[in-house]
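K.L.:
Hey, dropping coords_26.cif in here, mmCIF, C-alpha atoms, pLDDT in the B column; chains and numbers go by the auth columns:
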data_model
#
loop_
_atom_site.group_PDB
_atom_site.id
_atom_site.type_symbol
_atom_site.label_atom_id
_atom_site.label_comp_id
_atom_site.label_asym_id
_atom_site.label_seq_id
_atom_site.Cartn_x
_atom_site.Cartn_y
_atom_site.Cartn_z
_atom_site.B_iso_or_equiv
_atom_site.auth_seq_id
_atom_site.auth_asym_id
ATOM 1 C CA MET A 1 108.286 115.093 100.964 54.00 110 A
ATOM 2 C CA ILE A 2 104.679 114.114 100.347 80.00 111 A
ATOM 3 C CA LEU A 3 103.553 112.617 97.060 84.00 112 A
ATOM 4 C CA GLY A 4 101.484 115.634 96.021 84.00 113 A
ATOM 5 C CA ASP A 5 104.536 117.930 96.097 85.00 114 A
ATOM 6 C CA LEU A 6 106.633 115.337 94.285 89.00 115 A
ATOM 7 C CA GLY A 7 103.884 114.953 91.659 91.00 116 A
ATOM 8 C CA LEU A 8 103.865 118.711 91.043 90.00 117 A
ATOM 9 C CA THR A 9 107.656 118.651 90.598 91.00 118 A
ATOM 10 C CA VAL A 10 107.542 115.744 88.120 94.00 119 A
ATOM 11 C CA ALA A 11 104.674 117.433 86.220 93.00 120 A
ATOM 12 C CA SER A 12 106.705 120.676 85.945 93.00 121 A
ATOM 13 C CA ILE A 13 109.707 118.745 84.579 94.00 122 A
ATOM 14 C CA LEU A 14 107.486 116.947 82.044 94.00 123 A
ATOM 15 C CA LEU A 15 105.973 120.290 81.038 93.00 124 A
ATOM 16 C CA ALA A 16 109.461 121.709 80.397 93.00 125 A
ATOM 17 C CA ILE A 17 110.455 118.641 78.312 93.00 126 A
ATOM 18 C CA GLY A 18 107.210 118.927 76.296 92.00 127 A
ATOM 19 C CA ALA A 19 107.795 122.639 75.706 91.00 128 A
ATOM 20 C CA TYR A 20 111.362 121.890 74.553 90.00 129 A
ATOM 21 C CA GLY A 21 110.103 119.272 72.058 88.00 130 A
ATOM 22 C CA LEU A 22 107.403 121.639 70.847 88.00 131 A
ATOM 23 C CA VAL A 23 109.876 124.437 70.112 86.00 132 A
ATOM 24 C CA ASN A 24 112.796 122.346 68.860 84.00 133 A
ATOM 25 C CA SER A 25 111.147 120.402 66.022 81.00 134 A
ATOM 26 C CA LYS A 26 109.833 121.147 62.551 80.00 135 A
ATOM 27 C CA ASN A 27 108.114 117.779 62.127 82.00 136 A
ATOM 28 C CA ILE A 28 104.312 117.841 62.657 84.00 137 A
ATOM 29 C CA ILE A 29 104.195 114.399 64.300 85.00 138 A
ATOM 30 C CA ARG A 30 106.960 115.348 66.752 86.00 139 A
ATOM 31 C CA ILE A 31 104.995 118.504 67.612 88.00 140 A
ATOM 32 C CA LEU A 32 101.850 116.378 68.205 88.00 141 A
ATOM 33 C CA LEU A 33 103.801 113.960 70.443 89.00 142 A
ATOM 34 C CA SER A 34 105.295 116.860 72.420 91.00 143 A
ATOM 35 C CA SER A 35 101.825 118.313 72.969 91.00 144 A
ATOM 36 C CA GLU A 36 100.754 114.884 74.284 91.00 145 A
ATOM 37 C CA ILE A 37 103.585 115.076 76.864 93.00 146 A
ATOM 38 C CA ILE A 38 102.150 118.432 77.983 93.00 147 A
ATOM 39 C CA VAL A 39 98.624 116.907 78.224 92.00 148 A
ATOM 40 C CA ASN A 40 99.989 114.125 80.463 93.00 149 A
ATOM 41 C CA ALA A 41 101.908 116.672 82.579 94.00 150 A
ATOM 42 C CA SER A 42 98.778 118.782 83.079 93.00 151 A
ATOM 43 C CA ILE A 43 96.709 115.755 84.129 93.00 152 A
ATOM 44 C CA LEU A 44 99.368 114.720 86.654 93.00 153 A
ATOM 45 C CA MET A 45 99.460 118.328 87.883 92.00 154 A
ATOM 46 C CA VAL A 46 95.661 118.380 88.435 91.00 155 A
ATOM 47 C CA PHE A 47 95.735 115.127 90.425 91.00 156 A
ATOM 48 C CA SER A 48 98.762 116.185 92.495 90.00 157 A
ATOM 49 C CA ALA A 49 97.141 119.527 93.346 88.00 158 A
ATOM 50 C CA SER A 50 93.846 117.796 94.171 87.00 159 A
ATOM 51 C CA SER A 51 95.586 115.298 96.457 86.00 160 A
ATOM 52 C CA LEU A 52 97.046 118.262 98.378 84.00 161 A
ATOM 53 C CA LEU A 53 93.537 119.727 98.723 83.00 162 A
ATOM 54 C CA ASN A 54 91.815 116.400 99.565 81.00 163 A
ATOM 55 C CA LYS A 55 89.599 116.558 96.475 81.00 164 A
ATOM 56 C CA VAL A 56 88.431 113.196 95.136 82.00 165 A
ATOM 57 C CA TYR A 57 85.767 113.647 92.444 85.00 166 A
ATOM 58 C CA LEU A 58 86.685 117.014 90.894 85.00 167 A
ATOM 59 C CA PRO A 59 90.012 115.939 89.272 87.00 168 A
ATOM 60 C CA ILE A 60 88.415 112.740 87.988 88.00 169 A
ATOM 61 C CA PHE A 61 85.645 114.641 86.158 88.00 170 A
ATOM 62 C CA PHE A 62 88.099 117.209 84.839 88.00 171 A
ATOM 63 C CA SER A 63 90.523 114.573 83.586 88.00 172 A
ATOM 64 C CA ILE A 64 87.849 112.383 82.005 87.00 173 A
ATOM 65 C CA PHE A 65 86.794 115.324 79.835 88.00 174 A
ATOM 66 C CA ALA A 66 90.447 116.247 79.191 88.00 175 A
ATOM 67 C CA ILE A 67 91.297 112.688 78.099 88.00 176 A
ATOM 68 C CA GLY A 68 88.199 112.541 75.869 86.00 177 A
ATOM 69 C CA MET A 69 89.228 115.781 74.211 86.00 178 A
ATOM 70 C CA ALA A 70 92.848 114.575 73.906 85.00 179 A
ATOM 71 C CA LEU A 71 91.574 111.463 72.096 84.00 180 A
ATOM 72 C CA ILE A 72 89.554 113.624 69.695 86.00 181 A
ATOM 73 C CA GLU A 73 92.575 115.908 69.210 84.00 182 A
ATOM 74 C CA VAL A 74 94.813 112.958 68.287 84.00 183 A
ATOM 75 C CA VAL A 75 92.340 111.620 65.713 82.00 184 A
ATOM 76 C CA VAL A 76 91.593 115.022 64.144 83.00 185 A
ATOM 77 C CA ALA A 77 95.266 116.054 64.142 83.00 186 A
ATOM 78 C CA PHE A 78 96.283 112.776 62.550 81.00 187 A
ATOM 79 C CA ALA A 79 93.647 113.174 59.820 80.00 188 A
ATOM 80 C CA ALA A 80 94.999 116.672 59.135 81.00 189 A
ATOM 81 C CA ILE A 81 98.585 115.345 59.093 82.00 190 A
ATOM 82 C CA PHE A 82 97.618 112.580 56.667 79.00 191 A
ATOM 83 C CA LEU A 83 96.003 115.081 54.275 80.00 192 A
ATOM 84 C CA TYR A 84 99.010 117.420 54.617 81.00 193 A
ATOM 85 C CA TYR A 85 101.388 114.567 53.760 80.00 194 A
ATOM 86 C CA ARG A 86 99.249 113.627 50.757 78.00 195 A
ATOM 87 C CA SER A 87 99.306 117.145 49.353 81.00 196 A
ATOM 88 C CA LYS A 88 102.876 118.229 50.256 78.00 197 A
ATOM 89 C CA GLY A 89 104.724 114.892 50.330 76.00 198 A
ATOM 90 C CA SER A 90 106.530 115.951 53.490 75.00 199 A
ATOM 91 C CA LEU A 91 105.788 116.439 57.179 75.00 200 A
ATOM 92 C CA GLU A 92 108.075 119.400 57.730 75.00 201 A
ATOM 93 C CA VAL A 93 106.443 122.669 58.727 73.00 202 A
ATOM 94 C CA GLU A 94 107.781 125.939 57.370 68.00 203 A
ATOM 95 C CA MET B 1 96.247 114.901 103.509 50.00 252 B
ATOM 96 C CA PHE B 2 96.435 111.420 102.129 53.00 253 B
ATOM 97 C CA GLN B 3 98.691 109.044 104.027 57.00 254 B
ATOM 98 C CA THR B 4 101.887 107.836 102.392 65.00 255 B
ATOM 99 C CA ASN B 5 104.021 104.820 103.177 79.00 256 B
ATOM 100 C CA ASP B 6 107.613 104.056 102.173 82.00 257 B
ATOM 101 C CA LEU B 7 106.761 101.547 99.446 85.00 258 B
ATOM 102 C CA GLN B 8 104.424 104.075 97.856 86.00 259 B
ATOM 103 C CA LEU B 9 107.198 106.689 97.895 88.00 260 B
ATOM 104 C CA VAL B 10 109.768 104.317 96.358 90.00 261 B
ATOM 105 C CA LEU B 11 107.336 103.282 93.604 91.00 262 B
ATOM 106 C CA PHE B 12 106.415 106.909 93.010 92.00 263 B
ATOM 107 C CA LEU B 13 110.087 107.859 92.570 93.00 264 B
ATOM 108 C CA LEU B 14 110.657 104.869 90.264 94.00 265 B
ATOM 109 C CA PHE B 15 107.741 105.725 87.969 94.00 266 B
ATOM 110 C CA SER B 16 108.638 109.438 88.084 94.00 267 B
ATOM 111 C CA ILE B 17 112.045 108.528 86.638 95.00 268 B
ATOM 112 C CA LEU B 18 110.360 106.283 84.035 94.00 269 B
ATOM 113 C CA SER B 19 107.987 109.070 82.981 95.00 270 B
ATOM 114 C CA ILE B 20 110.796 111.637 82.640 95.00 271 B
ATOM 115 C CA ALA B 21 112.971 109.130 80.736 95.00 272 B
ATOM 116 C CA SER B 22 110.056 108.344 78.384 94.00 273 B
ATOM 117 C CA ALA B 23 109.434 112.062 77.758 94.00 274 B
ATOM 118 C CA ILE B 24 113.128 112.631 76.949 93.00 275 B
ATOM 119 C CA PHE B 25 113.071 109.559 74.650 93.00 276 B
ATOM 120 C CA ILE B 26 110.039 110.986 72.788 91.00 277 B
ATOM 121 C CA THR B 27 111.717 114.336 72.194 90.00 278 B
ATOM 122 C CA ARG B 28 115.118 112.865 71.238 87.00 279 B
ATOM 123 C CA GLN B 29 114.120 109.816 69.132 85.00 280 B
ATOM 124 C CA ARG B 30 114.528 110.455 65.403 81.00 281 B
ATOM 125 C CA ASN B 31 112.070 107.749 64.313 82.00 282 B
ATOM 126 C CA VAL B 32 108.487 108.898 64.983 82.00 283 B
ATOM 127 C CA PHE B 33 107.144 105.325 65.280 83.00 284 B
ATOM 128 C CA TYR B 34 109.471 104.550 68.210 85.00 285 B
ATOM 129 C CA ALA B 35 108.690 107.958 69.700 86.00 286 B
ATOM 130 C CA SER B 36 104.971 107.056 69.763 86.00 287 B
ATOM 131 C CA ILE B 37 105.836 103.770 71.523 87.00 288 B
ATOM 132 C CA GLY B 38 107.611 105.953 74.119 90.00 289 B
ATOM 133 C CA LEU B 39 104.335 107.849 74.550 90.00 290 B
ATOM 134 C CA ALA B 40 102.636 104.575 75.570 90.00 291 B
ATOM 135 C CA PHE B 41 105.265 104.106 78.321 92.00 292 B
ATOM 136 C CA LEU B 42 104.718 107.708 79.435 93.00 293 B
ATOM 137 C CA GLY B 43 100.934 107.114 79.611 92.00 294 B
ATOM 138 C CA ILE B 44 101.414 103.939 81.676 93.00 295 B
ATOM 139 C CA ALA B 45 103.838 105.719 84.053 94.00 296 B
ATOM 140 C CA ILE B 46 101.418 108.651 84.501 94.00 297 B
ATOM 141 C CA ALA B 47 98.493 106.265 85.195 93.00 298 B
ATOM 142 C CA ILE B 48 100.552 104.508 87.891 93.00 299 B
ATOM 143 C CA LEU B 49 101.687 107.840 89.406 93.00 300 B
ATOM 144 C CA ILE B 50 98.048 108.977 89.633 92.00 301 B
ATOM 145 C CA ALA B 51 97.029 105.700 91.288 91.00 302 B
ATOM 146 C CA LEU B 52 99.927 105.998 93.767 91.00 303 B
ATOM 147 C CA LEU B 53 98.836 109.509 94.826 89.00 304 B
ATOM 148 C CA SER B 54 95.822 107.936 96.515 85.00 305 B
ATOM 149 C CA PRO B 55 95.058 104.301 95.609 84.00 306 B
ATOM 150 C CA SER B 56 91.599 104.282 97.201 83.00 307 B
ATOM 151 C CA ALA B 57 90.467 107.477 95.486 84.00 308 B
ATOM 152 C CA TYR B 58 92.185 107.642 92.110 87.00 309 B
ATOM 153 C CA ALA B 59 92.522 103.970 91.095 87.00 310 B
ATOM 154 C CA PHE B 60 89.316 104.272 89.046 86.00 311 B
ATOM 155 C CA TYR B 61 90.710 107.129 86.977 88.00 312 B
ATOM 156 C CA SER B 62 94.034 105.323 86.644 90.00 313 B
ATOM 157 C CA ALA B 63 92.271 102.387 84.981 90.00 314 B
ATOM 158 C CA PHE B 64 90.371 104.857 82.808 86.00 315 B
ATOM 159 C CA HIS B 65 93.653 106.496 81.750 88.00 316 B
ATOM 160 C CA LEU B 66 95.157 103.127 80.830 89.00 317 B
ATOM 161 C CA LEU B 67 92.105 102.003 78.881 87.00 318 B
ATOM 162 C CA LEU B 68 91.177 105.187 77.065 84.00 319 B
ATOM 163 C CA TYR B 69 94.480 107.021 76.680 85.00 320 B
ATOM 164 C CA VAL B 70 97.070 104.266 76.386 85.00 321 B
ATOM 165 C CA GLY B 71 94.646 101.696 75.009 84.00 322 B
ATOM 166 C CA SER B 72 93.079 103.793 72.311 79.00 323 B
ATOM 167 C CA ALA B 73 94.770 107.165 71.700 76.00 324 B
ATOM 168 C CA VAL B 74 98.373 105.953 71.791 80.00 325 B
ATOM 169 C CA VAL B 75 97.663 102.634 70.063 79.00 326 B
ATOM 170 C CA PHE B 76 95.746 104.513 67.340 79.00 327 B
ATOM 171 C CA LEU B 77 98.686 106.893 66.931 79.00 328 B
ATOM 172 C CA SER B 78 101.259 104.068 66.819 78.00 329 B
ATOM 173 C CA ILE B 79 99.307 101.995 64.303 78.00 330 B
ATOM 174 C CA SER B 80 98.642 105.058 62.137 76.00 331 B
ATOM 175 C CA LEU B 81 102.327 105.981 62.177 76.00 332 B
ATOM 176 C CA VAL B 82 103.152 102.675 60.474 75.00 333 B
ATOM 177 C CA VAL B 83 102.196 104.614 57.315 72.00 334 B
ATOM 178 C CA PHE B 84 105.191 106.864 57.960 70.00 335 B
ATOM 179 C CA ARG B 85 107.492 104.116 59.264 63.00 336 B
ATOM 180 C CA GLY B 86 111.125 104.890 58.609 62.00 337 B
ATOM 181 C CA LEU B 87 110.401 108.598 58.433 65.00 338 B
ATOM 182 C CA GLU B 88 113.161 110.397 60.302 65.00 339 B
ATOM 183 C CA VAL B 89 112.758 113.738 61.976 65.00 340 B
ATOM 184 C CA LYS B 90 115.017 116.586 61.009 66.00 341 B
ATOM 185 C CA GLU B 91 116.337 118.328 64.087 66.00 342 B
ATOM 186 C CA VAL B 92 116.363 122.093 64.155 69.00 343 B
ATOM 187 C CA GLN B 93 118.824 123.660 66.505 72.00 344 B
ATOM 188 C CA ILE B 94 117.156 126.600 68.191 77.00 345 B
ATOM 189 C CA PRO B 95 119.657 127.985 70.730 77.00 346 B
ATOM 190 C CA TRP B 96 117.009 129.461 73.031 80.00 347 B
ATOM 191 C CA ALA B 97 114.779 126.310 73.069 79.00 348 B
ATOM 192 C CA GLY B 98 116.366 124.811 76.186 81.00 349 B
ATOM 193 C CA VAL B 99 116.337 128.118 78.056 83.00 350 B
ATOM 194 C CA ALA B 100 112.677 128.720 77.078 84.00 351 B
ATOM 195 C CA ALA B 101 111.656 125.214 78.205 84.00 352 B
ATOM 196 C CA VAL B 102 113.443 125.510 81.563 85.00 353 B
ATOM 197 C CA THR B 103 111.933 128.980 82.082 86.00 354 B
ATOM 198 C CA VAL B 104 108.394 127.697 81.370 83.00 355 B
ATOM 199 C CA GLY B 105 108.857 124.724 83.716 85.00 356 B
ATOM 200 C CA ALA B 106 110.384 126.876 86.468 86.00 357 B
ATOM 201 C CA LEU B 107 107.670 129.555 86.197 86.00 358 B
ATOM 202 C CA VAL B 108 104.896 126.941 86.416 84.00 359 B
ATOM 203 C CA TYR B 109 106.590 125.264 89.382 83.00 360 B
ATOM 204 C CA ILE B 110 107.114 128.571 91.209 84.00 361 B
ATOM 205 C CA GLY B 111 103.476 129.530 90.481 84.00 362 B
ATOM 206 C CA LEU B 112 102.255 126.217 91.893 80.00 363 B
ATOM 207 C CA PHE B 113 104.575 126.483 94.900 77.00 364 B
ATOM 208 C CA VAL B 114 103.384 130.016 95.700 77.00 365 B
ATOM 209 C CA THR B 115 99.713 129.000 95.270 79.00 366 B
ATOM 210 C CA PHE B 116 99.881 125.880 97.406 75.00 367 B
ATOM 211 C CA SER B 117 102.062 127.357 100.134 71.00 368 B
ATOM 212 C CA SER B 118 99.353 129.971 100.802 70.00 369 B
ATOM 213 C CA ILE B 119 96.477 127.463 100.858 67.00 370 B
ATOM 214 C CA SER B 120 95.923 125.471 103.994 63.00 371 B
ATOM 215 C CA PRO B 121 94.664 121.926 103.338 59.00 372 B
ATOM 216 C CA ALA B 122 90.892 121.518 103.405 56.00 373 B
ATOM 217 C CA SER B 123 89.176 119.522 106.115 52.00 374 B
ATOM 218 C CA ALA B 124 89.630 115.814 105.595 49.00 375 B
ATOM 219 C CA GLU B 125 87.152 114.444 103.078 52.00 376 B
ATOM 220 C CA SER B 126 86.302 110.762 102.737 54.00 377 B
ATOM 221 C CA ILE B 127 88.901 109.392 100.326 68.00 378 B
ATOM 222 C CA VAL B 128 86.969 106.248 99.430 75.00 379 B
ATOM 223 C CA PHE B 129 85.755 106.388 95.856 79.00 380 B
ATOM 224 C CA SER B 130 82.071 105.537 95.421 83.00 381 B
ATOM 225 C CA LEU B 131 80.883 104.652 91.928 83.00 382 B
ATOM 226 C CA VAL B 132 77.256 105.462 92.833 86.00 383 B
ATOM 227 C CA LYS B 133 78.187 108.951 94.043 86.00 384 B
ATOM 228 C CA PHE B 134 80.391 109.402 90.995 84.00 385 B
ATOM 229 C CA ALA B 135 77.553 108.454 88.617 86.00 386 B
ATOM 230 C CA ASN B 136 75.081 110.750 90.422 86.00 387 B
ATOM 231 C CA ILE B 137 77.411 113.768 90.250 85.00 388 B
ATOM 232 C CA PHE B 138 78.299 112.953 86.648 83.00 389 B
ATOM 233 C CA LEU B 139 74.689 112.803 85.468 84.00 390 B
ATOM 234 C CA GLN B 140 73.344 115.668 87.580 86.00 391 B
ATOM 235 C CA GLN B 141 76.103 118.293 87.545 87.00 392 B
ATOM 236 C CA TYR B 142 78.178 117.485 84.455 86.00 393 B
ATOM 237 C CA TRP B 143 75.513 116.450 81.941 88.00 394 B
ATOM 238 C CA PHE B 144 76.208 119.314 79.535 89.00 395 B
ATOM 239 C CA PRO B 145 79.980 118.694 79.089 87.00 396 B
ATOM 240 C CA THR B 146 79.120 115.002 78.715 86.00 397 B
ATOM 241 C CA VAL B 147 76.736 115.796 75.847 89.00 398 B
ATOM 242 C CA ILE B 148 79.411 117.972 74.208 89.00 399 B
ATOM 243 C CA LEU B 149 81.976 115.161 74.582 87.00 400 B
ATOM 244 C CA ILE B 150 79.591 112.582 73.079 89.00 401 B
ATOM 245 C CA VAL B 151 78.825 114.863 70.096 91.00 402 B
ATOM 246 C CA ALA B 152 82.566 115.514 69.591 88.00 403 B
ATOM 247 C CA LEU B 153 83.339 111.767 69.717 86.00 404 B
ATOM 248 C CA LEU B 154 80.572 111.042 67.195 89.00 405 B
ATOM 249 C CA THR B 155 81.926 113.766 64.894 88.00 406 B
ATOM 250 C CA THR B 156 85.393 112.227 65.178 84.00 407 B
ATOM 251 C CA MET B 157 84.016 108.818 64.281 82.00 408 B
ATOM 252 C CA ILE B 158 82.307 110.239 61.164 86.00 409 B
ATOM 253 C CA GLU B 159 85.552 112.009 60.227 80.00 410 B
ATOM 254 C CA ALA B 160 87.561 108.796 60.671 75.00 411 B
ATOM 255 C CA LEU B 161 85.074 106.877 58.494 78.00 412 B
ATOM 256 C CA SER B 162 85.272 109.599 55.864 79.00 413 B
ATOM 257 C CA LEU B 163 89.068 109.467 55.907 73.00 414 B
ATOM 258 C CA ALA B 164 89.128 105.668 55.749 69.00 415 B
ATOM 259 C CA ARG B 165 86.887 105.727 52.670 74.00 416 B
ATOM 260 C CA GLY B 166 89.313 108.170 51.039 67.00 417 B
ATOM 261 C CA GLU B 167 86.810 110.969 50.489 59.00 418 B
ATOM 262 C CA LYS B 168 88.288 114.295 49.488 55.00 419 B
ATOM 263 C CA THR B 169 87.613 117.136 51.907 50.00 420 B
#
Rewrite the coordinates I just gave you, this time as structure tokens.
P.N.:
Amino acid sequence: MILGDLGLTVASILLAIGAYGLVNSKNIIRILLSSEIIVNASILMVFSASSLLNKVYLPIFFSIFAIGMALIEVVVAFAAIFLYYRSKGSLEVE
Amino acid sequence: MFQTNDLQLVLFLLFSILSIASAIFITRQRNVFYASIGLAFLGIAIAILIALLSPSAYAFYSAFHLLLYVGSAVVFLSISLVVFRGLEVKEVQIPWAGVAAVTVGALVYIGLFVTFSSISPASAESIVFSLVKFANIFLQQYWFPTVILIVALLTTMIEALSLARGEKT
């Protein structure tokens, strides 16, 4: 088995675990962490697919923008969580 | 396709197991602070897996992933979660959650398998990463997304400053 195929398999498993965490929790931080697992799975998926297609630069550009946006998402989401906690006193979603 | 040797395969399997174990730890851990530490391990494992796919081509991005994702996003999240340290997550038992997750994973995998089994590999491209070529493509073809990313990062910085000063939104 070549590494690209194995990478796609691992990324699919990570995606399933992230989806499980996303559905099975009512805590906002747990939901944010599960979405981060999905971000990591998608990045691994892009690189595995690109290694199968012999692409070098395309996945790097794509992932640099994806990681930049993931960083912004973490900061903005955490600010929203902090304000939610201040107003509600809890992190449970209804 | 990129060449693979046995050591690469063994390391790839090892870090695949680490990444899956970290992901399970994140979803099962009741303390959110420890769960975010698990995310750092997942980020490190993913960076190593990407580097192992093709060390000469993707090592640059692997370092980028470690520095920007693990070094800033996850560390920011972990340090910020100190505010909520000791906060335990209430589990909700949704009976169809496991089935839904397995279905999503299986559908994505089948979709990828079908797509890649019908595509024949492209002609061999040079797999050596060139920083000069990278910079040229980045500045000539991807200047607009770069501008958007810079503006978004600046907006985030202003938002973080506003939050740190305790301004009401």
K.L.:
Under the PyMOL selection byres ((chain B and resi 290-303) around 9), which residues of this model are included? Write them out as JSON, numbers by chain.
P.N.:
{"A": [112, 116, 142, 145, 146, 149, 150, 152, 153, 156, 157], "B": [259, 260, 262, 263, 264, 266, 267, 269, 270, 271, 272, 273, 274, 276, 277, 285, 286, 287, 288, 289, 304, 305, 306, 307, 308, 309, 310, 311, 312, 313, 314, 315, 316, 317, 320, 321, 322, 325, 326, 329]}
K.L.:
Would you compute the distance between atom CA of B:Ala403 and atom CA of A:Phe171? Give it in Å to one decimal.
P.N.:
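These atoms are spaced 16.3 Å apart.
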K.L.:
Around (108.9, 125.4, 57.8) in the file's own coordinates, what residues are found within 9 Å if you use only C-alpha atoms, given back as a list in words?
P.N.:
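The answer, in the requested form, is Lys135, Asn136, Glu201, Val202 and Glu203 of chain A.
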K.L.:
Using all atoms listed in the file, list the residues that have an atom at most 8 Å from (109.0, 123.2, 65.8), coordinates as in the file, as a compact mmCIF listing (two decimals) with C-alpha atoms, in the frame of the given file.
P.N.:
# COMPACT_ATOMS: atom_id res chain seq x y z
CA GLY A 130 110.10 119.27 72.06
CA LEU A 131 107.40 121.64 70.85
CA VAL A 132 109.88 124.44 70.11
CA ASN A 133 112.80 122.35 68.86
CA SER A 134 111.15 120.40 66.02
CA LYS A 135 109.83 121.15 62.55
CA ASN A 136 108.11 117.78 62.13
CA ILE A 137 104.31 117.84 62.66
CA ILE A 140 105.00 118.50 67.61
CA VAL A 202 106.44 122.67 58.73
CA VAL B 343 116.36 122.09 64.16
K.L.:
What's the separation between atom CA of B:Ser413 and atom CA of A:Ala179, in Å to one decimal place?
P.N.:
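Atom CA of A:Ala179 lies 20.2 Å from atom CA of B:Ser413.
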K.L.:
Write out as a count of residues only every residue belonging to chain A that has an atom at most 8 Å from any atom of chain B, counting all atoms listed in the file.
P.N.:
54
K.L.:
Between atom CA of A:Pro168 and atom CA of A:Ser151, what is the distance in Å, rounded to a tenth?
P.N.:
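Taking atom CA of A:Pro168 and atom CA of A:Ser151, their separation equals 11.1 Å.
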K.L.:
Grab all the atoms of stretch 347-366 of chain B that the file lists, wrap them in a box along x, y and z, add 5 Å per side, and give me centre plus edge lengths in Å (one decimal) as JSON.
P.N.:
{"center_x": 108.4, "center_y": 127.4, "center_z": 84.4, "size_x": 27.3, "size_y": 15.3, "size_z": 32.7}
